[in-house]
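Q: Next up is a structure, given as structure tokens.
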Amino acid sequence: MPDFDLSDFSSLDPSAFAQLVKSAPDAQIAEVMSGELRPKVLDEIFRRMPALFRPERAGNTEAVIHWSITGAPDGGADTYELVISKGACTLSETPQHDPKLALTVGPVDFLKVVSGNGNPVMMFMTGKLKAKGDLALASNIANLFSIPKA
């Protein structure tokens with residue numbers, strides 16, 4: 001079993017990242033996501049989201065989405081804001097707008113969702129992913145991005 005090594009995550013392509021998440025045990029992912037690499041990993045994932053956005057699937061969607069990833073080393077959460085407007089997706093590391101949709105998820109499940117290794121609908125149904133606001137947008141969010149497959 002390979003190590004869940006994200007020390008050079010910025011050079012890892014989405015498919016390789018998806019395979020790494022798929023092959024790593026939850027405990028190993030949790031350990032990495034509770035340590036010093038957490039901010040680098042989260043920043044890189046969210047930095048890539050605008051490039052993975054599929055405007056042809058968004059239509060005339062206008063939305064502010066807040067992602068809150070719990071389990072920070074200080075016991076808190078890291079929150080990122082994605083703004084979908086006029087066929088584009090932009091990132092703000094500091095939320096500045098009221099969200100149309102707010103998603104809260106733990107770090108292991110977050111990595112599984114963004115790597116295509118987790119089912120967000122099942123996570124929602126089992127309480128691992130919480131959605132507040134526009135649930136129709138929540139159910140369609142995965143279609144708005146090119147999610148890698150492992």
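Within each chain, counting starts at residue 1; across the structure tokens, chains are named A, B, ... in the order shown, with ligands numbered 1 upward in that order.
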Could you list, as a list in words, every residue within 7 Å of Asn60 (chain A), counting only C-alpha atoms and ignoring same-chain residues fewer than 2 positions away?

A: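 Skipping anything fewer than 2 positions along the chain leaves Ala58, Glu62, Lys86 and Gly87 of chain A.
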
Q: Give me, as CSV, each residue of region 40-137 of chain A that comes within 12 Å of region 10-16 of chain A, together with its shortest interatomic pair and the distance in Å at one decimal, counting only C-alpha atoms, with rows ordered by chain and rising residue number.

A:
residue,atom,partner,partner_atom,distance
A:Lys40,CA,A:Ser10,CA,8.5
A:Val41,CA,A:Ser10,CA,8.1
A:Leu42,CA,A:Ser10,CA,10.7
A:Asp43,CA,A:Ser10,CA,9.6
A:Glu44,CA,A:Ser10,CA,6.4
A:Ile45,CA,A:Ser10,CA,8.8
A:Phe46,CA,A:Ser10,CA,11.4
A:Arg47,CA,A:Ser10,CA,9.9
A:Arg48,CA,A:Pro14,CA,9.3
A:Met49,CA,A:Pro14,CA,10.9
A:Ala51,CA,A:Pro14,CA,11.5
A:Leu52,CA,A:Pro14,CA,9.8
A:Leu111,CA,A:Pro14,CA,11.6
A:Val114,CA,A:Pro14,CA,9.4
A:Ser115,CA,A:Pro14,CA,7.4
A:Gly116,CA,A:Ser15,CA,9.5
A:Asn117,CA,A:Ser15,CA,11.1

Q: Taking only C-alpha atoms into account, name the residue in A:Ala142, A:Met125, A:Val105, A:Leu20 that is nearest to Asp78 (chain A).

A: A:Val105

Q: Taking only C-alpha atoms into account, name the residue in A:Leu101, A:Val21, A:Ala63, A:Val108 that is nearest to Met33 (chain A).

A: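 Of A:Leu101, A:Val21, A:Ala63, A:Val108, the one nearest Met33 (chain A) is A:Val108, counting only C-alpha atoms.
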
Q: Measuring between only C-alpha atoms, which one of A:Ile147, A:Ala72, A:Met123, A:Ile84 shows the shortest distance to Arg38 (chain A)?

A: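 Closest to Arg38 (chain A) of all the choices is A:Ala72.
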
Q: Point out the residue among A:Leu135, A:Pro73, A:Gly127, A:Ala102 with the least atom-to-atom distance to Val32 (chain A), counting only C-alpha atoms.

A: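 Ranked by minimum distance to Val32 (chain A), first place goes to A:Pro73.
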
Q: Between CA of Cys89 (chain A) and CA of Ile141 (chain A), what distance in Å does the model show, to one decimal?

A: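 Straight-line distance from CA of Cys89 (chain A) to CA of Ile141 (chain A) works out to 12.1 Å.
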
Q: So which one's closest to Trp67 (chain A), A:Pro95, A:Pro50, A:Pro55, A:Pro39? Using only C-alpha atoms, please.

A: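 Distance minimum relative to Trp67 (chain A) lands on A:Pro95.
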
Q: CA of Glu81 (chain A) and CA of His97 (chain A), how far apart in Å?

A: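 One can read the CA of His97 (chain A) to CA of Glu81 (chain A) distance as 8.2 Å.
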
Q: Please extract the residues of chain A with a backbone DSSP assignment of strand (DSSP E or B) and present them as a count of residues only.

A: 32

Q: Set the distance at 12 Å and use only C-alpha atoms: which residues neighbour region 128-131 of chain A once local chain neighbours fewer than 4 positions away are removed? I'd like the list as a VMD selection string.

A: chain A and resid 65 to 70 99 to 113 118 to 124 135 to 139 141

Q: How many Å separate CA of Ser92 (chain A) from CA of Gly35 (chain A)?

A: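 Interatomic distance, CA of Ser92 (chain A) to CA of Gly35 (chain A): 22.7 Å.
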